file structure.cif (mmCIF, C-alpha atoms and all ligand atoms)
data_model
#
loop_
_atom_site.label_atom_id
_atom_site.label_comp_id
_atom_site.auth_asym_id
_atom_site.auth_seq_id
_atom_site.Cartn_x
_atom_site.Cartn_y
_atom_site.Cartn_z
CA MET A 18 -32.03 -1.49 22.76
CA ALA A 19 -28.98 0.75 22.52
CA ARG A 20 -28.62 2.68 19.29
CA SER A 21 -25.23 1.03 18.78
CA ASP A 22 -27.03 -2.33 18.54
CA LEU A 23 -28.22 -1.16 15.13
CA ILE A 24 -24.66 -1.52 13.89
CA LYS A 25 -23.65 -4.90 12.50
CA PRO A 26 -21.58 -6.80 15.08
CA GLU A 27 -18.78 -7.44 12.57
CA ILE A 28 -18.30 -3.67 12.31
CA ARG A 29 -18.54 -2.95 16.03
CA SER A 30 -15.80 -5.48 16.79
CA ILE A 31 -13.26 -3.89 14.43
CA ALA A 32 -10.36 -1.99 15.99
CA PRO A 33 -10.02 1.38 14.25
CA TYR A 34 -7.41 1.83 11.49
CA VAL A 35 -4.19 3.38 12.83
CA PRO A 36 -2.86 5.87 10.26
CA GLY A 37 0.63 7.34 10.25
CA LYS A 38 0.93 10.50 12.34
CA SER A 39 0.23 13.90 10.79
CA ILE A 40 2.42 17.01 10.92
CA GLU A 41 -0.34 19.03 12.69
CA GLU A 42 -0.71 16.38 15.39
CA ILE A 43 3.03 16.26 16.13
CA ALA A 44 3.51 20.05 15.95
CA LYS A 45 0.87 20.46 18.64
CA LYS A 46 1.97 17.60 20.87
CA TYR A 47 5.68 18.51 20.93
CA CYS A 48 5.36 22.30 20.52
CA LEU A 49 7.33 22.27 17.26
CA SER A 50 6.78 24.54 14.30
CA ALA A 51 5.15 22.65 11.45
CA ASP A 52 7.81 23.61 8.89
CA LYS A 53 10.53 21.97 11.02
CA ILE A 54 8.80 18.59 10.96
CA ILE A 55 9.65 15.92 8.40
CA LYS A 56 6.95 13.37 7.62
CA LEU A 57 8.40 10.00 6.77
CA GLY A 58 5.70 7.81 8.28
CA SER A 59 3.26 7.20 5.42
CA ASN A 60 5.45 6.39 2.38
CA GLU A 61 4.35 9.48 0.49
CA ASN A 62 6.49 10.93 -2.30
CA VAL A 63 8.55 13.68 -0.65
CA LEU A 64 9.18 15.27 -4.07
CA GLY A 65 5.48 16.11 -4.28
CA PRO A 66 3.12 15.45 -7.17
CA SER A 67 4.02 15.52 -10.84
CA PRO A 68 3.83 19.12 -12.12
CA LYS A 69 1.89 17.76 -15.10
CA ALA A 70 -0.76 16.38 -12.76
CA LEU A 71 -1.09 19.77 -11.05
CA GLU A 72 -1.46 21.53 -14.35
CA ALA A 73 -4.16 19.08 -15.48
CA MET A 74 -6.09 19.55 -12.24
CA VAL A 75 -6.08 23.31 -12.47
CA GLY A 76 -7.04 23.15 -16.14
CA HIS A 77 -10.12 21.09 -15.36
CA ALA A 78 -11.18 22.70 -12.08
CA GLN A 79 -14.04 24.60 -13.69
CA ASP A 80 -15.68 21.36 -14.90
CA ILE A 81 -16.49 19.91 -11.49
CA ASN A 82 -20.20 20.63 -11.84
CA ILE A 83 -20.25 17.76 -14.36
CA TYR A 84 -20.19 14.07 -13.36
CA PRO A 85 -17.04 12.20 -14.39
CA SER A 86 -17.32 9.13 -16.64
CA ALA A 87 -19.01 6.32 -14.70
CA ASP A 88 -16.26 3.78 -15.45
CA ALA A 89 -13.18 6.04 -15.23
CA GLY A 90 -12.60 5.33 -18.93
CA GLU A 91 -9.95 8.02 -19.56
CA LEU A 92 -7.89 6.83 -16.62
CA VAL A 93 -8.29 3.17 -17.58
CA SER A 94 -7.00 4.04 -21.02
CA ALA A 95 -3.94 5.84 -19.56
CA ILE A 96 -3.28 2.90 -17.21
CA SER A 97 -3.56 0.49 -20.12
CA LYS A 98 -0.73 2.34 -21.90
CA TYR A 99 1.34 2.56 -18.73
CA VAL A 100 1.13 -1.13 -17.78
CA GLY A 101 0.82 -2.62 -21.27
CA MET A 102 -2.38 -4.54 -20.51
CA PRO A 103 -5.76 -4.35 -22.29
CA GLU A 104 -8.49 -2.07 -20.97
CA ASP A 105 -10.95 -4.91 -20.39
CA MET A 106 -8.60 -6.16 -17.64
CA ILE A 107 -8.25 -2.84 -15.82
CA VAL A 108 -10.49 -1.05 -13.32
CA GLY A 109 -9.92 2.41 -11.86
CA SER A 110 -10.70 2.98 -8.20
CA GLY A 111 -11.78 6.22 -6.55
CA PRO A 112 -10.82 6.03 -2.92
CA GLY A 113 -7.41 4.64 -3.79
CA MET A 114 -6.46 0.98 -3.82
CA ASP A 115 -8.35 0.79 -0.52
CA GLY A 116 -11.50 1.35 -2.58
CA LEU A 117 -10.53 -1.53 -4.87
CA LEU A 118 -10.16 -3.81 -1.85
CA ASP A 119 -13.59 -2.76 -0.59
CA GLY A 120 -15.11 -3.34 -4.02
CA LEU A 121 -13.64 -6.83 -4.22
CA MET A 122 -14.73 -7.74 -0.70
CA ARG A 123 -18.25 -6.56 -1.45
CA LEU A 124 -18.20 -8.79 -4.50
CA LEU A 125 -16.90 -11.90 -2.80
CA ILE A 126 -17.65 -11.99 0.89
CA SER A 127 -20.75 -13.34 2.57
CA PRO A 128 -21.03 -14.54 6.19
CA GLY A 129 -18.67 -17.46 6.69
CA SER A 130 -16.31 -16.44 3.89
CA GLU A 131 -12.62 -16.50 4.69
CA VAL A 132 -9.61 -14.57 3.38
CA VAL A 133 -5.99 -15.61 3.89
CA ILE A 134 -3.52 -12.86 4.81
CA SER A 135 0.26 -13.18 4.86
CA THR A 136 1.45 -11.18 7.93
CA PRO A 137 2.95 -8.83 9.00
CA THR A 138 1.46 -6.65 6.31
CA PHE A 139 -0.78 -3.74 5.35
CA SER A 140 -3.74 -3.75 7.73
CA TYR A 141 -6.53 -2.74 5.39
CA TYR A 142 -6.97 -6.26 3.94
CA GLU A 143 -8.13 -7.40 7.35
CA LEU A 144 -10.31 -4.34 7.98
CA SER A 145 -12.03 -4.53 4.61
CA ALA A 146 -12.67 -8.26 4.91
CA ARG A 147 -14.05 -7.90 8.45
CA ALA A 148 -16.23 -4.91 7.58
CA ASN A 149 -17.87 -7.03 4.90
CA GLY A 150 -18.46 -9.91 7.30
CA GLY A 151 -15.51 -12.07 6.29
CA THR A 152 -13.13 -13.96 8.56
CA PRO A 153 -9.41 -13.30 8.15
CA VAL A 154 -7.02 -16.23 8.51
CA PHE A 155 -3.44 -15.18 9.20
CA VAL A 156 -0.30 -16.92 8.03
CA ARG A 157 2.95 -15.51 9.36
CA ARG A 158 5.83 -14.83 7.06
CA ASN A 159 9.14 -16.58 7.78
CA ASP A 160 11.73 -14.87 10.01
CA ASP A 161 13.35 -13.23 6.97
CA PHE A 162 9.87 -12.01 5.91
CA SER A 163 9.70 -14.32 2.89
CA ILE A 164 6.24 -15.81 2.40
CA ASP A 165 5.49 -19.27 3.75
CA VAL A 166 4.11 -20.82 0.56
CA ASP A 167 3.16 -24.21 2.03
CA SER A 168 1.34 -22.77 5.02
CA LEU A 169 -0.49 -20.30 2.77
CA LYS A 170 -1.71 -23.18 0.58
CA ASP A 171 -2.71 -25.18 3.64
CA ALA A 172 -4.73 -22.25 5.02
CA VAL A 173 -7.06 -22.25 2.02
CA THR A 174 -10.40 -24.00 2.60
CA ASP A 175 -13.62 -24.30 0.60
CA ALA A 176 -14.71 -21.06 2.31
CA THR A 177 -11.64 -19.06 1.19
CA LYS A 178 -12.44 -16.36 -1.34
CA MET A 179 -9.15 -14.51 -1.57
CA MET A 180 -5.52 -14.61 -0.49
CA PHE A 181 -3.60 -11.35 0.02
CA ILE A 182 0.12 -11.03 -0.67
CA CYS A 183 1.83 -7.66 -0.69
CA SER A 184 4.94 -7.46 -2.92
CA PRO A 185 7.07 -5.51 -2.14
CA ASN A 186 5.59 -6.06 1.29
CA ASN A 187 4.61 -3.23 3.58
CA PRO A 188 6.30 -2.99 6.11
CA SER A 189 9.20 -5.40 5.34
CA GLY A 190 10.07 -4.11 1.84
CA ASN A 191 10.89 -7.49 0.23
CA SER A 192 9.29 -8.96 -2.90
CA MET A 193 8.21 -12.54 -3.44
CA SER A 194 9.59 -14.59 -6.33
CA GLU A 195 7.75 -15.55 -9.50
CA THR A 196 8.17 -19.21 -8.58
CA GLU A 197 6.45 -18.63 -5.24
CA LEU A 198 3.58 -16.75 -6.85
CA ARG A 199 3.04 -19.33 -9.60
CA SER A 200 3.07 -22.11 -7.06
CA LEU A 201 0.32 -20.36 -5.08
CA VAL A 202 -1.87 -19.32 -7.98
CA GLU A 203 -1.70 -22.78 -9.57
CA ASN A 204 -2.52 -24.66 -6.39
CA VAL A 205 -5.30 -22.73 -4.65
CA SER A 206 -9.00 -22.58 -5.41
CA CYS A 207 -9.38 -18.93 -4.34
CA LEU A 208 -8.42 -15.63 -5.98
CA VAL A 209 -4.92 -14.33 -5.26
CA PHE A 210 -4.53 -10.58 -4.77
CA VAL A 211 -1.01 -9.22 -5.18
CA ASP A 212 -0.59 -5.69 -3.82
CA GLU A 213 1.97 -3.83 -5.91
CA ALA A 214 1.61 -0.42 -4.23
CA TYR A 215 5.42 -0.03 -4.27
CA VAL A 216 6.22 -1.78 -7.53
CA GLU A 217 7.76 1.31 -9.17
CA PHE A 218 10.67 0.94 -6.72
CA ALA A 219 11.07 -2.81 -7.21
CA ASP A 220 12.98 -5.00 -9.64
CA ARG A 221 9.93 -7.10 -10.61
CA THR A 222 6.22 -6.90 -11.35
CA PHE A 223 3.77 -9.75 -11.80
CA VAL A 224 1.34 -7.85 -14.01
CA SER A 225 1.90 -9.94 -17.15
CA LEU A 226 1.01 -13.13 -15.24
CA VAL A 227 -2.61 -11.90 -15.12
CA ASN A 228 -2.73 -12.95 -18.81
CA GLU A 229 -1.98 -16.52 -17.78
CA TYR A 230 -4.23 -17.12 -14.79
CA ASP A 231 -7.94 -16.59 -14.23
CA ASN A 232 -7.53 -16.16 -10.47
CA LEU A 233 -4.79 -13.50 -10.19
CA ILE A 234 -5.44 -9.81 -9.44
CA ILE A 235 -2.87 -7.04 -9.11
CA GLY A 236 -3.63 -3.93 -7.05
CA ARG A 237 -1.79 -0.67 -7.74
CA THR A 238 -1.98 2.93 -6.54
CA LEU A 239 -0.97 6.43 -7.58
CA SER A 240 -0.49 7.36 -3.92
CA LYS A 241 3.13 6.33 -3.57
CA ALA A 242 5.53 6.68 -6.54
CA PHE A 243 3.24 9.16 -8.32
CA GLY A 244 2.80 11.41 -5.29
CA LEU A 245 -1.00 11.66 -5.50
CA ALA A 246 -1.99 10.21 -2.10
CA GLY A 247 -4.38 13.09 -1.46
CA LEU A 248 -6.32 12.45 -4.67
CA ARG A 249 -7.09 8.81 -3.77
CA ILE A 250 -6.49 6.96 -7.05
CA GLY A 251 -5.89 3.22 -7.28
CA TYR A 252 -6.42 0.58 -9.93
CA GLY A 253 -6.71 -3.13 -10.37
CA ILE A 254 -5.51 -5.46 -13.12
CA MET A 255 -7.66 -8.57 -13.25
CA PRO A 256 -8.94 -11.23 -15.63
CA ALA A 257 -11.64 -9.86 -17.97
CA TRP A 258 -14.31 -12.18 -16.51
CA LEU A 259 -13.75 -10.64 -13.09
CA LYS A 260 -13.85 -7.06 -14.34
CA VAL A 261 -17.35 -7.74 -15.71
CA GLU A 262 -18.53 -8.81 -12.24
CA TYR A 263 -16.59 -6.04 -10.47
CA MET A 264 -18.23 -3.35 -12.56
CA LYS A 265 -21.66 -4.60 -11.48
CA ALA A 266 -20.89 -4.23 -7.78
CA GLY A 267 -18.67 -1.15 -7.77
CA THR A 268 -19.98 2.37 -7.15
CA PRO A 269 -20.25 4.34 -10.41
CA PHE A 270 -18.41 7.68 -10.75
CA ASN A 271 -15.99 6.66 -8.01
CA VAL A 272 -12.96 8.38 -9.56
CA SER A 273 -13.51 12.16 -9.46
CA SER A 274 -13.13 14.20 -12.63
CA VAL A 275 -10.10 16.01 -11.20
CA ALA A 276 -8.50 12.70 -10.22
CA LEU A 277 -9.13 11.28 -13.71
CA VAL A 278 -7.17 14.00 -15.47
CA ALA A 279 -4.46 14.32 -12.84
CA GLY A 280 -3.94 10.56 -12.68
CA SER A 281 -3.68 10.26 -16.45
CA ALA A 282 -1.18 13.14 -16.58
CA ALA A 283 0.93 11.68 -13.76
CA LEU A 284 1.16 8.30 -15.49
CA SER A 285 2.61 9.97 -18.57
CA ASP A 286 5.16 12.05 -16.65
CA GLU A 287 8.18 9.79 -17.04
CA GLU A 288 10.60 12.44 -15.86
CA HIS A 289 8.96 12.89 -12.46
CA LEU A 290 8.75 9.13 -11.98
CA LYS A 291 12.40 8.66 -12.87
CA ARG A 292 13.46 11.38 -10.46
CA SER A 293 11.44 9.78 -7.66
CA GLN A 294 12.90 6.35 -8.38
CA GLU A 295 16.47 7.67 -8.40
CA MET A 296 15.99 9.54 -5.13
CA VAL A 297 14.62 6.39 -3.52
CA ARG A 298 17.43 4.21 -4.83
CA GLU A 299 20.12 6.53 -3.44
CA GLY A 300 18.30 7.22 -0.18
CA ARG A 301 17.64 3.56 0.47
CA LYS A 302 21.32 2.73 0.20
CA TYR A 303 22.27 5.65 2.42
CA LEU A 304 19.83 4.69 5.18
CA MET A 305 20.85 1.04 5.01
CA ASP A 306 24.51 2.00 5.34
CA TYR A 307 24.20 4.60 8.09
CA ILE A 308 21.27 3.84 10.41
CA PRO A 309 23.06 2.18 13.34
CA PHE A 310 20.55 -0.67 13.76
CA THR A 311 19.55 -3.68 11.63
CA VAL A 312 18.04 -2.36 8.40
CA TYR A 313 16.31 -4.80 6.05
CA ASP A 314 16.99 -4.73 2.33
CA SER A 315 14.07 -3.07 0.58
CA GLN A 316 12.44 -2.89 -2.84
CA ALA A 317 10.11 -0.09 -1.77
CA ASN A 318 10.31 3.62 -0.90
CA PHE A 319 10.89 2.81 2.76
CA VAL A 320 13.20 0.72 4.88
CA LEU A 321 12.36 -1.40 7.90
CA VAL A 322 14.57 -0.89 10.93
CA ASP A 323 14.81 -3.48 13.72
CA VAL A 324 15.80 -1.75 16.97
CA SER A 325 15.55 -4.79 19.26
CA PRO A 326 16.12 -5.26 22.12
CA VAL A 327 14.94 -1.65 22.35
CA LYS A 328 11.23 -0.95 21.87
CA ALA A 329 10.19 0.81 18.66
CA LYS A 330 7.93 3.12 20.63
CA ASP A 331 10.86 4.54 22.60
CA VAL A 332 12.96 5.21 19.50
CA CYS A 333 9.97 6.75 17.72
CA GLU A 334 9.34 9.03 20.69
CA HIS A 335 13.00 10.12 20.57
CA LEU A 336 12.66 10.89 16.83
CA LEU A 337 9.32 12.68 17.22
CA ARG A 338 10.84 15.08 19.75
CA GLN A 339 13.22 16.10 16.98
CA GLY A 340 10.34 16.54 14.56
CA ILE A 341 10.93 13.31 12.63
CA ILE A 342 7.79 11.28 11.96
CA VAL A 343 8.39 7.61 11.16
CA ARG A 344 6.08 4.62 11.52
CA ASP A 345 6.11 2.52 14.68
CA CYS A 346 5.05 -0.93 13.39
CA THR A 347 3.81 -2.18 16.76
CA SER A 348 0.21 -1.85 15.52
CA PHE A 349 0.92 -4.22 12.59
CA ARG A 350 -0.28 -7.73 13.42
CA ASP A 351 2.65 -10.15 13.98
CA ALA A 352 5.28 -7.37 13.70
CA GLY A 353 6.40 -7.45 17.34
CA GLU A 354 7.47 -4.34 19.24
CA SER A 355 10.85 -3.45 17.75
CA LEU A 356 10.19 -2.58 14.12
CA ILE A 357 10.14 0.92 12.64
CA ARG A 358 9.32 1.78 9.02
CA VAL A 359 11.07 4.82 7.59
CA THR A 360 10.01 6.42 4.30
CA ILE A 361 12.94 7.42 2.08
CA GLY A 362 13.21 11.20 2.06
CA THR A 363 15.40 13.77 0.36
CA ALA A 364 19.15 13.59 1.02
CA GLU A 365 18.78 16.29 3.66
CA GLN A 366 15.87 14.53 5.38
CA ASN A 367 17.69 11.20 5.34
CA LYS A 368 20.65 12.80 7.06
CA LYS A 369 18.37 14.01 9.86
CA VAL A 370 16.94 10.52 10.16
CA VAL A 371 20.41 9.01 10.53
CA ASN A 372 21.36 11.64 13.12
CA GLY A 373 18.11 10.94 14.96
CA PHE A 374 18.73 7.19 15.17
CA SER A 375 22.41 7.71 15.98
CA SER A 376 21.66 9.94 18.96
CA PHE A 377 19.32 7.41 20.61
C1 LIG B 401 -0.48 2.82 0.76
C2 LIG B 401 -0.87 1.43 0.48
C3 LIG B 401 -2.09 1.10 -0.13
C4 LIG B 401 -3.19 2.08 -0.29
O1 LIG B 401 -3.11 2.88 -1.31
P1 LIG B 401 -4.25 3.94 -1.61
O2 LIG B 401 -4.34 3.86 -3.08
O3 LIG B 401 -3.73 5.25 -1.10
O4 LIG B 401 -5.53 3.52 -0.95
C5 LIG B 401 -2.34 -0.20 -0.46
N1 LIG B 401 -1.47 -1.15 -0.17
C6 LIG B 401 -0.31 -0.90 0.45
C7 LIG B 401 0.61 -1.99 0.75
C8 LIG B 401 0.01 0.40 0.80
O5 LIG B 401 1.13 0.63 1.47
#
call {"tool": "encode", "arguments": {"input": "structure.cif", "output": "structure tokens", "more": "lines below"}}
Ligand SMILES: *Cc1c(COP(=O)(O)O)cnc(C)c1O
result
Amino acid sequence: MARSDLIKPEIRSIAPYVPGKSIEEIAKKYCLSADKIIKLGSNENVLGPSPKALEAMVGHAQDINIYPSADAGELVSAISKYVGMPEDMIVGSGPGMDGLLDGLMRLLISPGSEVVISTPTFSYYELSARANGGTPVFVRRNDDFSIDVDSLKDAVTDATKMMFICSPNNPSGNSMSETELRSLVENVSCLVFVDEAYVEFADRTFVSLVNEYDNLIIGRTLSKAFGLAGLRIGYGIMPAWLKVEYMKAGTPFNVSSVALVAGSAALSDEEHLKRSQEMVREGRKYLMDYIPFTVYDSQANFVLVDVSPVKAKDVCEHLLRQGIIVRDCTSFRDAGESLIRVTIGTAEQNKKVVNGFSSF
């Protein structure tokens, strides 16, 4: 028996996660100096973290010999204020929203379980479901990237545990409507997970609907608008009955003590958030107006560019040579080969992006 036979087959068959490219990787490959490279491939906040979060981290650095609270209570309390929902409907999550997805899959999935995923979208729903032995069922979005409500409903079977909808969607940037969401939640037997990773840049949130339905969960993160991707903080808003079950299956102490204080401080830093939102609003308009390809309207901190009939990989290569990292969406299921996702940068960075696309 080969040692690798010890590994569960559902894990061995997974294709590895493809992250956005790093500055180090591109500096080496193209012989560029790292400080000349702009990283707009992973939807991070180019303004950096909230200064209040930094201050809180430094102030608590000497306490890391002590375990944090098991249930991330301080953070849950800060989130409760920020979102206006009660604490018994909120869970904090250590390794980002990805950790929340893992926790939920661990809670729900057994062999034969299915999850429904609206594609093209964030790939970790599929990975997390598969790693836990679940079977993903994919339903393509319409050509304009709106969700296909009827097909999503039809895809639900007695084995379906959860349906994943990202809004605003990564990588297309559009949000679903409240009517669409209500129609799904009211007509399916499974849980519905709405990923609001980019909601701070959008014109709508569905958080308050969690009060109305016992099968709706909202996932959020501090990695994007709040600029704390490196700290790995996410959270979920879910019906109280589900939080009770979630807390039984989740790993205790999964939000670090430094993350707890930094996350709470970031959520209260309205000025930093406002600055980030304004930069994104202006940058989004600029990129939509000046990138000389089809650019989709977006409610997130990125835009999706369709370069067809050219291949995304060729345009990305052209940009990389100039030290501009964007995201080739070819690895996203059902995204085709001509889509590129570009994170909104500073005015100066956006100008370079436009020049990069224009010179292709
Ligand atoms: C970035 C991202 C996440 C993951 O967030 P983390 O909290 O950093 O794990 C989840 N969903 C979507 C759609 C994302 O783009």
call {"tool": "closest_residue", "arguments": {"input": "structure.cif", "among": "A:Thr222, A:Ala19, A:Met255, A:Asn367", "to": "A:Leu208", "atoms": "only C-alpha atoms"}}
result
A:Met255
call {"tool": "closest_atom_pairs", "arguments": {"input": "structure.cif", "of": "chain A", "to": "ligand LIG 401 (chain B)", "cutoff": "6 Å", "atoms": "only C-alpha atoms and all ligand atoms", "output": "Markdown table"}}
result
| residue | atom | partner | partner_atom | distance |
| --- | --- | --- | --- | --- |
| A:Gly113 | CA | B:LIG401 | O2 | 3.2 |
| A:Met114 | CA | B:LIG401 | O2 | 3.7 |
| A:Asp115 | CA | B:LIG401 | O4 | 3.9 |
| A:Phe139 | CA | B:LIG401 | C7 | 5.1 |
| A:Cys183 | CA | B:LIG401 | C7 | 6.0 |
| A:Asn187 | CA | B:LIG401 | C7 | 5.1 |
| A:Asp212 | CA | B:LIG401 | N1 | 5.9 |
| A:Ala214 | CA | B:LIG401 | C6 | 5.1 |
| A:Thr238 | CA | B:LIG401 | O2 | 4.3 |
| A:Ser240 | CA | B:LIG401 | O3 | 4.8 |
| A:Ala246 | CA | B:LIG401 | O3 | 5.4 |
| A:Arg249 | CA | B:LIG401 | O3 | 5.6 |
| A:Ile250 | CA | B:LIG401 | O2 | 5.5 |
| A:Gly251 | CA | B:LIG401 | O2 | 4.5 |
call {"tool": "atom_distance", "arguments": {"input": "structure.cif", "atom1": "atom CA of A:Ile107", "atom2": "atom CA of A:Ser194"}}
result
23.4 Å
call {"tool": "closest_residue", "arguments": {"input": "structure.cif", "among": "A:Ser200, A:Thr177, A:Ser127, A:Ser285", "to": "A:Ile96", "atoms": "only C-alpha atoms"}}
result
A:Ser285
call {"tool": "closest_residue", "arguments": {"input": "structure.cif", "among": "A:Arg199, A:Lys241, A:Lys53, A:Arg358", "to": "A:Val227", "atoms": "all atoms listed in the file"}}
result
A:Arg199
call {"tool": "residues_around", "arguments": {"input": "structure.cif", "residues": "A:Glu365", "least_positions_apart": "3", "cutoff": "12 Å", "atoms": "all atoms listed in the file", "output": "PyMOL selection string"}}
result
chain A and resi 55+63+296+300+303-304+361-362+368-372
call {"tool": "closest_residue", "arguments": {"input": "structure.cif", "among": "A:Val322, A:Thr268, A:Ser94, A:Ala364", "to": "A:Arg298", "atoms": "all atoms listed in the file"}}
result
A:Ala364
call {"tool": "atom_distance", "arguments": {"input": "structure.cif", "atom1": "atom CA of A:Val312", "atom2": "atom CA of A:Arg344"}}
result
14.2 Å
call {"tool": "residues_around", "arguments": {"input": "structure.cif", "residues": "A:Lys98", "least_positions_apart": "6", "cutoff": "10 Å", "atoms": "only C-alpha atoms", "output": "PyMOL selection string"}}
result
chain A and resi 92+104+284-285
call {"tool": "closest_residue", "arguments": {"input": "structure.cif", "among": "A:Gly244, A:Gly253, A:Pro128, A:Gly120", "to": "A:Gly280", "atoms": "all atoms listed in the file"}}
result
A:Gly244
call {"tool": "axis_aligned_box", "arguments": {"input": "structure.cif", "around": "stretch 297-310 of chain A", "padding_each_side": "8 Å", "output": "AutoDock Vina command-line options"}}
result
--center_x 19.6 --center_y 3.3 --center_z 4.5 --size_x 25.9 --size_y 23.9 --size_z 34.6
call {"tool": "residues_near_point", "arguments": {"input": "structure.cif", "point": "(11.0, -13.7, -10.0)", "cutoff": "10 Å", "atoms": "only C-alpha atoms", "output": "ChimeraX atom specification"}}
result
/A:192-199,220-223
call {"tool": "closest_residue", "arguments": {"input": "structure.cif", "among": "A:Tyr47, A:Phe210, A:Phe270, A:Phe155", "to": "A:Asp231", "atoms": "all atoms listed in the file"}}
result
A:Phe210
call {"tool": "residues_around", "arguments": {"input": "structure.cif", "residues": "A:Gly373", "least_positions_apart": "3", "cutoff": "10 Å", "atoms": "only C-alpha atoms", "output": "list in words"}}
result
Ile308, Val332, Cys333, His335, Leu336, Leu337, Arg338, Gln339, Gly340, Ile341, Asn367, Lys368, Lys369, Val370, Ser376 and Phe377 of chain A
call {"tool": "atom_distance", "arguments": {"input": "structure.cif", "atom1": "atom CA of A:Ala32", "atom2": "atom CA of A:Tyr141"}}
result
11.3 Å
call {"tool": "residues_near_point", "arguments": {"input": "structure.cif", "point": "(-16.6, -13.4, 3.4)", "cutoff": "7 Å", "atoms": "all atoms listed in the file", "output": "PyMOL selection string"}}
result
chain A and resi 125-131+146+149-152+178
call {"tool": "build_atoms", "arguments": {"input": "structure.cif", "residues": "stretch 22-27 of chain A", "atoms": "all heavy atoms", "output": "PDB file, in the frame of the given file"}}
result
ATOM      1  N   ASP A  22     -26.648  -0.971  18.946  1.00  0.00           N
ATOM      2  CA  ASP A  22     -27.030  -2.330  18.540  1.00  0.00           C
ATOM      3  C   ASP A  22     -27.517  -2.375  17.096  1.00  0.00           C
ATOM      4  O   ASP A  22     -27.664  -3.446  16.518  1.00  0.00           O
ATOM      5  CB  ASP A  22     -28.140  -2.867  19.463  1.00  0.00           C
ATOM      6  CG  ASP A  22     -27.600  -3.179  20.853  1.00  0.00           C
ATOM      7  OD1 ASP A  22     -26.370  -3.382  20.982  1.00  0.00           O
ATOM      8  OD2 ASP A  22     -28.395  -3.210  21.808  1.00  0.00           O
ATOM      9  N   LEU A  23     -27.809  -1.202  16.540  1.00  0.00           N
ATOM     10  CA  LEU A  23     -28.220  -1.160  15.130  1.00  0.00           C
ATOM     11  C   LEU A  23     -27.049  -1.495  14.205  1.00  0.00           C
ATOM     12  O   LEU A  23     -27.241  -1.893  13.060  1.00  0.00           O
ATOM     13  CB  LEU A  23     -28.731   0.254  14.777  1.00  0.00           C
ATOM     14  CG  LEU A  23     -30.028   0.697  15.451  1.00  0.00           C
ATOM     15  CD1 LEU A  23     -30.221   2.203  15.281  1.00  0.00           C
ATOM     16  CD2 LEU A  23     -31.210  -0.066  14.873  1.00  0.00           C
ATOM     17  N   ILE A  24     -25.854  -1.290  14.714  1.00  0.00           N
ATOM     18  CA  ILE A  24     -24.660  -1.520  13.890  1.00  0.00           C
ATOM     19  C   ILE A  24     -24.349  -3.014  13.829  1.00  0.00           C
ATOM     20  O   ILE A  24     -24.440  -3.711  14.838  1.00  0.00           O
ATOM     21  CB  ILE A  24     -23.451  -0.758  14.477  1.00  0.00           C
ATOM     22  CG1 ILE A  24     -23.773   0.734  14.669  1.00  0.00           C
ATOM     23  CG2 ILE A  24     -22.203  -0.944  13.618  1.00  0.00           C
ATOM     24  CD1 ILE A  24     -24.128   1.466  13.394  1.00  0.00           C
ATOM     25  N   LYS A  25     -23.974  -3.483  12.645  1.00  0.00           N
ATOM     26  CA  LYS A  25     -23.650  -4.900  12.500  1.00  0.00           C
ATOM     27  C   LYS A  25     -22.504  -5.282  13.447  1.00  0.00           C
ATOM     28  O   LYS A  25     -21.532  -4.536  13.570  1.00  0.00           O
ATOM     29  CB  LYS A  25     -23.198  -5.195  11.053  1.00  0.00           C
ATOM     30  CG  LYS A  25     -24.291  -4.992  10.034  1.00  0.00           C
ATOM     31  CD  LYS A  25     -23.876  -5.524   8.672  1.00  0.00           C
ATOM     32  CE  LYS A  25     -23.005  -4.548   7.925  1.00  0.00           C
ATOM     33  NZ  LYS A  25     -22.723  -4.981   6.544  1.00  0.00           N
ATOM     34  N   PRO A  26     -22.623  -6.415  14.116  1.00  0.00           N
ATOM     35  CA  PRO A  26     -21.580  -6.800  15.080  1.00  0.00           C
ATOM     36  C   PRO A  26     -20.192  -6.897  14.459  1.00  0.00           C
ATOM     37  O   PRO A  26     -19.193  -6.591  15.108  1.00  0.00           O
ATOM     38  CB  PRO A  26     -22.050  -8.160  15.614  1.00  0.00           C
ATOM     39  CG  PRO A  26     -23.210  -8.575  14.768  1.00  0.00           C
ATOM     40  CD  PRO A  26     -23.740  -7.370  14.059  1.00  0.00           C
ATOM     41  N   GLU A  27     -20.112  -7.309  13.177  1.00  0.00           N
ATOM     42  CA  GLU A  27     -18.780  -7.440  12.570  1.00  0.00           C
ATOM     43  C   GLU A  27     -18.098  -6.079  12.423  1.00  0.00           C
ATOM     44  O   GLU A  27     -16.876  -6.004  12.370  1.00  0.00           O
ATOM     45  CB  GLU A  27     -18.841  -8.165  11.219  1.00  0.00           C
ATOM     46  CG  GLU A  27     -19.702  -7.538  10.145  1.00  0.00           C
ATOM     47  CD  GLU A  27     -21.094  -8.162  10.073  1.00  0.00           C
ATOM     48  OE1 GLU A  27     -21.643  -8.533  11.126  1.00  0.00           O
ATOM     49  OE2 GLU A  27     -21.628  -8.290   8.949  1.00  0.00           O
TER      50      GLU A  27
END
